[in-house]
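The structure file query-v1.cif is reproduced below (mmCIF, N, CA, C and O atoms).
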data_work
#
loop_
_atom_site.label_atom_id
_atom_site.label_comp_id
_atom_site.auth_asym_id
_atom_site.auth_seq_id
_atom_site.Cartn_x
_atom_site.Cartn_y
_atom_site.Cartn_z
N MET T 1 0.81 -1.19 0.00
CA MET T 1 0.00 0.00 0.00
C MET T 1 0.86 1.26 0.00
O MET T 1 0.50 2.24 -0.64
N LYS T 2 2.00 1.21 0.70
CA LYS T 2 2.89 2.36 0.73
C LYS T 2 3.47 2.64 -0.65
O LYS T 2 3.67 3.79 -1.02
N LYS T 3 3.72 1.58 -1.42
CA LYS T 3 4.25 1.77 -2.77
C LYS T 3 3.21 2.46 -3.65
O LYS T 3 3.57 3.28 -4.51
N LEU T 4 1.95 2.14 -3.46
CA LEU T 4 0.90 2.78 -4.24
C LEU T 4 0.86 4.28 -3.97
O LEU T 4 0.72 5.09 -4.88
N TRP T 5 1.00 4.67 -2.69
CA TRP T 5 0.99 6.08 -2.35
C TRP T 5 2.24 6.80 -2.85
O TRP T 5 2.25 8.01 -3.01
N LEU T 6 3.29 6.08 -3.15
CA LEU T 6 4.49 6.67 -3.73
C LEU T 6 4.34 6.82 -5.24
O LEU T 6 4.76 7.82 -5.82
N VAL T 7 3.70 5.85 -5.88
CA VAL T 7 3.57 5.84 -7.33
C VAL T 7 2.55 6.89 -7.81
O VAL T 7 2.78 7.57 -8.80
N VAL T 8 1.45 7.05 -7.09
CA VAL T 8 0.39 7.98 -7.53
C VAL T 8 0.92 9.42 -7.64
O VAL T 8 0.70 10.07 -8.66
N PRO T 9 1.60 9.97 -6.63
CA PRO T 9 2.11 11.35 -6.79
C PRO T 9 3.15 11.47 -7.91
O PRO T 9 3.21 12.48 -8.59
N LEU T 10 3.96 10.43 -8.10
CA LEU T 10 4.96 10.48 -9.17
C LEU T 10 4.28 10.53 -10.53
O LEU T 10 4.71 11.26 -11.44
N LEU T 11 3.22 9.76 -10.71
CA LEU T 11 2.48 9.79 -11.97
C LEU T 11 1.82 11.15 -12.18
O LEU T 11 1.79 11.68 -13.29
N ALA T 12 1.29 11.71 -11.12
CA ALA T 12 0.66 13.03 -11.22
C ALA T 12 1.68 14.10 -11.61
O ALA T 12 1.41 14.96 -12.44
N LEU T 13 2.86 14.06 -11.00
CA LEU T 13 3.89 15.03 -11.33
C LEU T 13 4.39 14.87 -12.75
O LEU T 13 4.64 15.85 -13.45
N SER T 14 4.54 13.64 -13.21
CA SER T 14 5.01 13.44 -14.58
C SER T 14 3.95 13.88 -15.58
O SER T 14 4.27 14.38 -16.65
N GLY T 15 2.68 13.73 -15.25
CA GLY T 15 1.62 14.20 -16.13
C GLY T 15 1.60 15.70 -16.23
O GLY T 15 1.36 16.28 -17.29
N CYS T 16 1.87 16.39 -15.14
CA CYS T 16 1.91 17.86 -15.16
C CYS T 16 3.12 18.37 -15.94
O CYS T 16 3.07 19.45 -16.52
N ALA T 17 4.18 17.62 -15.95
CA ALA T 17 5.38 18.04 -16.67
C ALA T 17 5.21 17.96 -18.18
O ALA T 17 5.98 18.55 -18.92
N MET T 18 4.20 17.24 -18.65
CA MET T 18 4.00 17.10 -20.09
C MET T 18 3.39 18.35 -20.70
O MET T 18 3.50 18.58 -21.89
N PHE T 19 2.75 19.20 -19.93
CA PHE T 19 2.10 20.40 -20.46
C PHE T 19 3.09 21.54 -20.49
O PHE T 19 3.81 21.79 -19.54
N SER T 20 3.11 22.26 -21.61
CA SER T 20 4.04 23.35 -21.81
C SER T 20 3.48 24.65 -21.23
O SER T 20 2.29 24.90 -21.29
N THR T 21 4.36 25.47 -20.70
CA THR T 21 3.97 26.78 -20.21
C THR T 21 4.40 27.86 -21.19
O THR T 21 4.46 29.03 -20.84
N GLU T 22 4.73 27.48 -22.42
CA GLU T 22 5.21 28.41 -23.42
C GLU T 22 4.10 29.38 -23.83
O GLU T 22 2.95 29.01 -23.99
N LYS T 23 4.47 30.63 -24.03
CA LYS T 23 3.51 31.65 -24.43
C LYS T 23 3.11 31.45 -25.89
O LYS T 23 3.90 30.94 -26.68
N PRO T 24 1.92 31.88 -26.28
CA PRO T 24 1.52 31.79 -27.68
C PRO T 24 2.31 32.79 -28.53
O PRO T 24 2.83 33.77 -28.01
N PHE T 25 2.36 32.54 -29.83
CA PHE T 25 3.07 33.42 -30.75
C PHE T 25 2.47 34.81 -30.69
O PHE T 25 1.25 34.96 -30.71
N PRO T 26 3.28 35.86 -30.59
CA PRO T 26 2.77 37.21 -30.34
C PRO T 26 1.88 37.79 -31.45
O PRO T 26 1.05 38.65 -31.18
N LEU T 27 2.04 37.37 -32.69
CA LEU T 27 1.27 37.94 -33.80
C LEU T 27 0.51 36.84 -34.53
O LEU T 27 0.86 35.67 -34.45
N GLU T 28 -0.49 37.25 -35.28
CA GLU T 28 -1.25 36.32 -36.12
C GLU T 28 -0.46 36.13 -37.42
O GLU T 28 -0.18 37.09 -38.13
N GLU T 29 -0.09 34.88 -37.73
CA GLU T 29 0.61 34.62 -38.98
C GLU T 29 -0.42 34.64 -40.11
O GLU T 29 -1.50 34.09 -39.99
N SER T 30 -0.05 35.29 -41.20
CA SER T 30 -1.01 35.55 -42.26
C SER T 30 -0.39 35.29 -43.62
O SER T 30 0.70 34.73 -43.72
N ASN T 31 -1.09 35.70 -44.68
CA ASN T 31 -0.56 35.60 -46.03
C ASN T 31 -0.63 36.97 -46.68
O ASN T 31 -1.36 37.85 -46.22
N PRO T 32 0.11 37.19 -47.77
CA PRO T 32 0.16 38.53 -48.36
C PRO T 32 -1.18 39.02 -48.90
O PRO T 32 -1.45 40.22 -48.90
N THR T 33 -2.04 38.13 -49.34
CA THR T 33 -3.32 38.54 -49.89
C THR T 33 -4.25 39.07 -48.80
O THR T 33 -4.97 40.05 -49.01
N SER T 34 -4.24 38.46 -47.65
CA SER T 34 -5.18 38.86 -46.60
C SER T 34 -4.78 40.16 -45.90
O SER T 34 -5.61 40.79 -45.26
N VAL T 35 -3.52 40.58 -46.01
CA VAL T 35 -3.09 41.81 -45.33
C VAL T 35 -2.92 42.97 -46.31
O VAL T 35 -2.36 43.99 -45.95
N ARG T 36 -3.43 42.85 -47.51
CA ARG T 36 -3.21 43.90 -48.52
C ARG T 36 -3.88 45.22 -48.17
O ARG T 36 -3.47 46.26 -48.64
N GLU T 37 -4.91 45.22 -47.34
CA GLU T 37 -5.59 46.46 -46.96
C GLU T 37 -5.08 47.00 -45.62
O GLU T 37 -5.60 48.00 -45.13
N CYS T 38 -4.11 46.36 -45.04
CA CYS T 38 -3.60 46.77 -43.72
C CYS T 38 -2.43 47.75 -43.88
O CYS T 38 -1.82 47.86 -44.93
N ARG T 39 -2.12 48.43 -42.78
CA ARG T 39 -1.00 49.38 -42.75
C ARG T 39 0.29 48.62 -42.50
O ARG T 39 0.40 47.87 -41.54
N ARG T 40 1.29 48.82 -43.35
CA ARG T 40 2.57 48.13 -43.19
C ARG T 40 3.35 48.76 -42.04
O ARG T 40 3.54 49.97 -41.98
N VAL T 41 3.81 47.91 -41.13
CA VAL T 41 4.57 48.38 -39.98
C VAL T 41 6.07 48.31 -40.25
O VAL T 41 6.81 49.22 -39.92
N GLY T 42 6.51 47.23 -40.89
CA GLY T 42 7.93 47.11 -41.15
C GLY T 42 8.29 45.84 -41.89
O GLY T 42 7.49 44.91 -42.01
N THR T 43 9.52 45.81 -42.37
CA THR T 43 10.09 44.65 -43.05
C THR T 43 11.30 44.22 -42.23
O THR T 43 12.14 45.04 -41.88
N PHE T 44 11.38 42.93 -41.93
CA PHE T 44 12.43 42.41 -41.06
C PHE T 44 13.21 41.32 -41.78
O PHE T 44 12.78 40.16 -41.82
N PRO T 45 14.36 41.66 -42.39
CA PRO T 45 15.16 40.63 -43.05
C PRO T 45 15.84 39.73 -42.02
O PRO T 45 16.28 40.18 -40.97
N GLY T 46 15.88 38.45 -42.34
CA GLY T 46 16.45 37.48 -41.42
C GLY T 46 17.82 36.99 -41.84
O GLY T 46 18.44 37.56 -42.74
N PRO T 47 18.28 35.93 -41.22
CA PRO T 47 19.59 35.38 -41.55
C PRO T 47 19.59 34.83 -42.97
O PRO T 47 18.58 34.35 -43.47
N GLU T 48 20.75 34.92 -43.62
CA GLU T 48 20.87 34.44 -44.99
C GLU T 48 21.73 33.20 -45.04
O GLU T 48 22.54 32.94 -44.17
N GLY T 49 21.58 32.45 -46.12
CA GLY T 49 22.39 31.27 -46.36
C GLY T 49 22.44 31.02 -47.85
O GLY T 49 21.80 31.71 -48.64
N TYR T 50 23.20 30.05 -48.26
CA TYR T 50 23.31 29.73 -49.67
C TYR T 50 22.19 28.79 -50.08
O TYR T 50 21.92 27.81 -49.41
N ARG T 51 21.53 29.10 -51.19
CA ARG T 51 20.39 28.30 -51.62
C ARG T 51 20.82 27.00 -52.29
O ARG T 51 20.13 26.00 -52.21
N PHE T 52 21.95 27.00 -53.00
CA PHE T 52 22.32 25.84 -53.80
C PHE T 52 23.39 24.96 -53.17
O PHE T 52 23.52 23.81 -53.51
N TRP T 53 24.18 25.49 -52.29
CA TRP T 53 25.21 24.70 -51.62
C TRP T 53 25.45 25.27 -50.23
O TRP T 53 25.06 26.38 -49.94
N GLY T 54 26.11 24.50 -49.44
CA GLY T 54 26.44 24.97 -48.10
C GLY T 54 25.25 24.84 -47.15
O GLY T 54 24.18 24.41 -47.54
N PRO T 55 25.46 25.24 -45.93
CA PRO T 55 24.39 25.10 -44.93
C PRO T 55 23.28 26.11 -45.17
O PRO T 55 23.52 27.22 -45.65
N PRO T 56 22.05 25.74 -44.86
CA PRO T 56 20.94 26.70 -45.00
C PRO T 56 21.00 27.75 -43.89
O PRO T 56 21.74 27.62 -42.92
N ALA T 57 20.21 28.77 -44.07
CA ALA T 57 20.15 29.82 -43.05
C ALA T 57 19.61 29.24 -41.74
O ALA T 57 18.70 28.42 -41.75
N VAL T 58 20.18 29.65 -40.64
CA VAL T 58 19.75 29.19 -39.33
C VAL T 58 18.78 30.21 -38.75
O VAL T 58 19.14 31.38 -38.57
N LEU T 59 17.55 29.78 -38.50
CA LEU T 59 16.53 30.72 -38.03
C LEU T 59 16.53 30.87 -36.52
O LEU T 59 16.17 31.92 -36.01
N SER T 60 16.92 29.85 -35.80
CA SER T 60 16.88 29.78 -34.34
C SER T 60 15.65 30.51 -33.81
O SER T 60 14.54 30.09 -34.07
N ASP T 61 15.80 31.60 -33.10
CA ASP T 61 14.65 32.30 -32.55
C ASP T 61 14.35 33.60 -33.30
O ASP T 61 13.75 34.51 -32.76
N PHE T 62 14.77 33.67 -34.56
CA PHE T 62 14.56 34.88 -35.35
C PHE T 62 13.08 35.24 -35.46
O PHE T 62 12.69 36.39 -35.28
N LYS T 63 12.23 34.27 -35.77
CA LYS T 63 10.80 34.54 -35.94
C LYS T 63 10.18 35.07 -34.66
O LYS T 63 9.38 36.01 -34.68
N TRP T 64 10.54 34.48 -33.54
CA TRP T 64 9.96 34.90 -32.26
C TRP T 64 10.38 36.33 -31.92
O TRP T 64 9.54 37.16 -31.57
N LYS T 65 11.67 36.63 -32.02
CA LYS T 65 12.16 37.97 -31.69
C LYS T 65 11.61 39.02 -32.65
O LYS T 65 11.27 40.12 -32.25
N THR T 66 11.50 38.66 -33.92
CA THR T 66 10.94 39.58 -34.90
C THR T 66 9.48 39.88 -34.59
O THR T 66 9.05 41.03 -34.65
N ALA T 67 8.72 38.85 -34.25
CA ALA T 67 7.31 39.04 -33.93
C ALA T 67 7.14 39.91 -32.69
O ALA T 67 6.26 40.78 -32.65
N GLU T 68 7.97 39.72 -31.69
CA GLU T 68 7.88 40.57 -30.48
C GLU T 68 8.23 42.02 -30.79
O GLU T 68 7.58 42.94 -30.33
N GLN T 69 9.26 42.22 -31.63
CA GLN T 69 9.65 43.58 -32.01
C GLN T 69 8.55 44.25 -32.83
O GLN T 69 8.22 45.41 -32.61
N ALA T 70 7.95 43.51 -33.76
CA ALA T 70 6.88 44.06 -34.59
C ALA T 70 5.65 44.38 -33.75
O ALA T 70 4.98 45.38 -33.99
N LYS T 71 5.36 43.56 -32.76
CA LYS T 71 4.21 43.81 -31.89
C LYS T 71 4.42 45.10 -31.10
O LYS T 71 3.48 45.88 -30.91
N GLN T 72 5.64 45.35 -30.66
CA GLN T 72 5.93 46.59 -29.94
C GLN T 72 5.77 47.80 -30.85
O GLN T 72 5.48 48.90 -30.39
N MET T 73 5.93 47.60 -32.16
CA MET T 73 5.78 48.69 -33.14
C MET T 73 4.32 48.86 -33.56
O MET T 73 4.02 49.72 -34.36
N GLY T 74 3.42 48.00 -33.05
CA GLY T 74 2.00 48.14 -33.34
C GLY T 74 1.45 47.14 -34.33
O GLY T 74 0.31 47.29 -34.78
N ALA T 75 2.19 46.13 -34.69
CA ALA T 75 1.73 45.14 -35.66
C ALA T 75 0.75 44.15 -35.03
O ALA T 75 0.84 43.85 -33.84
N THR T 76 -0.17 43.66 -35.85
CA THR T 76 -1.10 42.62 -35.40
C THR T 76 -0.93 41.35 -36.22
O THR T 76 -1.28 40.28 -35.75
N HIS T 77 -0.39 41.45 -37.44
CA HIS T 77 -0.23 40.30 -38.33
C HIS T 77 1.18 40.32 -38.94
O HIS T 77 1.79 41.38 -39.08
N ILE T 78 1.64 39.13 -39.33
CA ILE T 78 2.95 39.01 -39.97
C ILE T 78 2.89 37.86 -40.97
O ILE T 78 2.15 36.90 -40.78
N TYR T 79 3.62 38.02 -42.06
CA TYR T 79 3.80 36.88 -42.96
C TYR T 79 5.27 36.77 -43.33
O TYR T 79 6.02 37.74 -43.27
N TRP T 80 5.67 35.57 -43.68
CA TRP T 80 7.07 35.26 -43.96
C TRP T 80 7.22 34.94 -45.44
O TRP T 80 6.39 34.25 -46.02
N ARG T 81 8.29 35.41 -46.04
CA ARG T 81 8.56 35.15 -47.44
C ARG T 81 10.04 34.83 -47.58
O ARG T 81 10.87 35.44 -46.94
N GLU T 82 10.36 33.87 -48.42
CA GLU T 82 11.76 33.54 -48.67
C GLU T 82 12.28 34.47 -49.74
O GLU T 82 11.69 34.58 -50.82
N SER T 83 13.36 35.15 -49.45
CA SER T 83 13.97 36.04 -50.44
C SER T 83 15.06 35.27 -51.17
O SER T 83 15.73 34.42 -50.59
N SER T 84 15.23 35.57 -52.42
CA SER T 84 16.27 34.90 -53.20
C SER T 84 16.95 35.93 -54.08
O SER T 84 16.40 36.39 -55.06
N GLU T 85 18.12 36.29 -53.68
CA GLU T 85 18.94 37.21 -54.45
C GLU T 85 20.22 36.49 -54.84
O GLU T 85 20.99 36.07 -53.99
N LYS T 86 20.42 36.36 -56.13
CA LYS T 86 21.58 35.66 -56.68
C LYS T 86 21.64 34.25 -56.11
O LYS T 86 20.69 33.50 -56.24
N PHE T 87 22.76 33.88 -55.49
CA PHE T 87 22.88 32.54 -54.94
C PHE T 87 22.54 32.47 -53.46
O PHE T 87 22.52 31.41 -52.87
N GLU T 88 22.32 33.63 -52.88
CA GLU T 88 21.99 33.64 -51.46
C GLU T 88 20.48 33.76 -51.29
O GLU T 88 19.78 34.24 -52.15
N GLY T 89 20.01 33.33 -50.18
CA GLY T 89 18.59 33.45 -49.88
C GLY T 89 18.39 33.47 -48.39
O GLY T 89 19.24 33.05 -47.62
N GLY T 90 17.27 33.97 -47.97
CA GLY T 90 16.97 34.04 -46.55
C GLY T 90 15.49 34.25 -46.38
O GLY T 90 14.71 34.20 -47.32
N ILE T 91 15.11 34.53 -45.16
CA ILE T 91 13.70 34.73 -44.87
C ILE T 91 13.48 36.20 -44.49
O ILE T 91 14.35 36.82 -43.89
N VAL T 92 12.33 36.72 -44.89
CA VAL T 92 11.98 38.10 -44.59
C VAL T 92 10.60 38.11 -43.96
O VAL T 92 9.68 37.44 -44.44
N GLY T 93 10.44 38.85 -42.88
CA GLY T 93 9.15 39.00 -42.23
C GLY T 93 8.54 40.34 -42.57
O GLY T 93 9.22 41.37 -42.53
N TYR T 94 7.28 40.34 -42.94
CA TYR T 94 6.55 41.57 -43.25
C TYR T 94 5.44 41.73 -42.21
O TYR T 94 4.55 40.89 -42.13
N ALA T 95 5.52 42.81 -41.43
CA ALA T 95 4.56 43.03 -40.35
C ALA T 95 3.55 44.10 -40.73
O ALA T 95 3.90 45.09 -41.37
N PHE T 96 2.29 43.87 -40.33
CA PHE T 96 1.19 44.77 -40.67
C PHE T 96 0.32 45.03 -39.46
O PHE T 96 0.17 44.17 -38.60
N ASP T 97 -0.29 46.22 -39.44
CA ASP T 97 -1.29 46.56 -38.43
C ASP T 97 -2.66 46.48 -39.11
O ASP T 97 -2.99 47.29 -39.97
N CYS T 98 -3.44 45.50 -38.74
CA CYS T 98 -4.75 45.26 -39.36
C CYS T 98 -5.88 45.64 -38.41
O CYS T 98 -6.97 45.07 -38.49
N THR T 99 -5.65 46.59 -37.53
CA THR T 99 -6.68 47.03 -36.60
C THR T 99 -7.82 47.67 -37.38
O THR T 99 -7.61 48.59 -38.16
N GLY T 100 -9.03 47.17 -37.20
CA GLY T 100 -10.21 47.71 -37.87
C GLY T 100 -10.42 47.21 -39.28
O GLY T 100 -11.38 47.59 -39.93
N VAL T 101 -9.55 46.34 -39.79
CA VAL T 101 -9.69 45.80 -41.14
C VAL T 101 -10.36 44.44 -41.04
O VAL T 101 -9.96 43.59 -40.24
N LYS T 102 -11.38 44.22 -41.85
CA LYS T 102 -12.06 42.93 -41.86
C LYS T 102 -11.16 41.92 -42.57
O LYS T 102 -10.85 42.07 -43.75
N MET T 103 -10.74 40.90 -41.83
CA MET T 103 -9.83 39.89 -42.37
C MET T 103 -10.63 38.72 -42.93
O MET T 103 -11.63 38.32 -42.36
N PRO T 104 -10.17 38.15 -44.05
CA PRO T 104 -10.85 36.97 -44.59
C PRO T 104 -10.71 35.78 -43.65
O PRO T 104 -9.69 35.64 -42.97
N GLN T 105 -11.72 34.94 -43.60
CA GLN T 105 -11.70 33.77 -42.73
C GLN T 105 -11.36 32.52 -43.54
O GLN T 105 -11.92 32.30 -44.60
N ASP T 106 -10.44 31.71 -43.02
CA ASP T 106 -10.05 30.44 -43.64
C ASP T 106 -9.72 30.61 -45.13
O ASP T 106 -10.22 29.86 -45.98
N TYR T 107 -8.90 31.58 -45.45
CA TYR T 107 -8.55 31.84 -46.83
C TYR T 107 -7.14 31.37 -47.09
O TYR T 107 -6.24 31.57 -46.30
N GLU T 108 -6.95 30.73 -48.22
CA GLU T 108 -5.61 30.33 -48.64
C GLU T 108 -5.52 30.52 -50.13
O GLU T 108 -6.32 29.97 -50.88
N ASP T 109 -4.56 31.33 -50.58
CA ASP T 109 -4.47 31.57 -52.01
C ASP T 109 -3.79 30.40 -52.72
O ASP T 109 -3.34 29.45 -52.10
N GLU T 110 -3.69 30.51 -54.03
CA GLU T 110 -3.19 29.39 -54.82
C GLU T 110 -1.72 29.08 -54.57
O GLU T 110 -1.26 27.98 -54.85
N ASP T 111 -0.94 30.03 -54.02
CA ASP T 111 0.45 29.77 -53.71
C ASP T 111 0.62 29.05 -52.38
O ASP T 111 1.72 28.61 -52.05
N GLY T 112 -0.43 28.94 -51.58
CA GLY T 112 -0.35 28.26 -50.31
C GLY T 112 0.10 29.13 -49.16
O GLY T 112 0.46 28.65 -48.11
N TYR T 113 0.14 30.44 -49.34
CA TYR T 113 0.57 31.33 -48.25
C TYR T 113 -0.59 31.68 -47.37
O TYR T 113 -1.65 31.90 -47.67
#

Would you mind writing the file's structure down as structure tokens?
Amino acid sequence: MKKLWLVVPLLALSGCAMFSTEKPFPLEESNPTSVRECRRVGTFPGPEGYRFWGPPAVLSDFKWKTAEQAKQMGATHIYWRESSEKFEGGIVGYAFDCTGVKMPQDYEDEDGY
């Protein structure tokens, strides 16, 4: 019986450890078509890498930090686009303030953005 009382709290603690306390993403991720009527807040170029050889660009926490910075500037939505200039490429974040703009629901354009 003593073993049962030892096992039950351990199972309860391990079950609680499975849930994440991570905060939700600061901005609504969107596509370029749905934010076309919104006010542009900024463009945030990310890390670059070689598209055809070598290691790809390392994003690490770039998206999170960019979203927090854009939110402080007044953005409500952001979309990501891969830039490709010559042989190098990277990711670029475009932040928008869509306050008061009616956003399309469950919309996905033909490019999949």

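Closest to Thr76 of chain T among T:Asp97, T:Gly90, T:Thr43, T:Cys38 is T:Asp97, based on only C-alpha atoms.
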
task: Tell me which protein, DNA and RNA residues are within 10 Å of segment 67-70 of chain T, counting only C-alpha atoms, leaving out same-chain ones fewer than 6 positions away, and put them as a count of residues only.
output: 18

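Here atom CA of Ala75 of chain T stands at a distance of 14.0 Å from atom CA of Lys63 of chain T.
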
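Restricting the calculation to all atoms listed in the file, the smallest distance between Arg81 of chain T and any of T:Asp61, T:Gly46, T:Met103, T:Arg40 is found for T:Gly46.
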
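Interatomic distance, atom O of Gly100 of chain T to atom C of Glu37 of chain T: 8.5 Å.
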
field: Selection under test: the PyMOL selection byres ((chain T and resi 34) around 8); residues as a PyMOL selection string
entry: chain T and resi 30-33+35-38+98+101-104+107+109+113

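Pairwise distance (atom O of Trp80 of chain T, atom CA of Arg39 of chain T) equals 17.2 Å.
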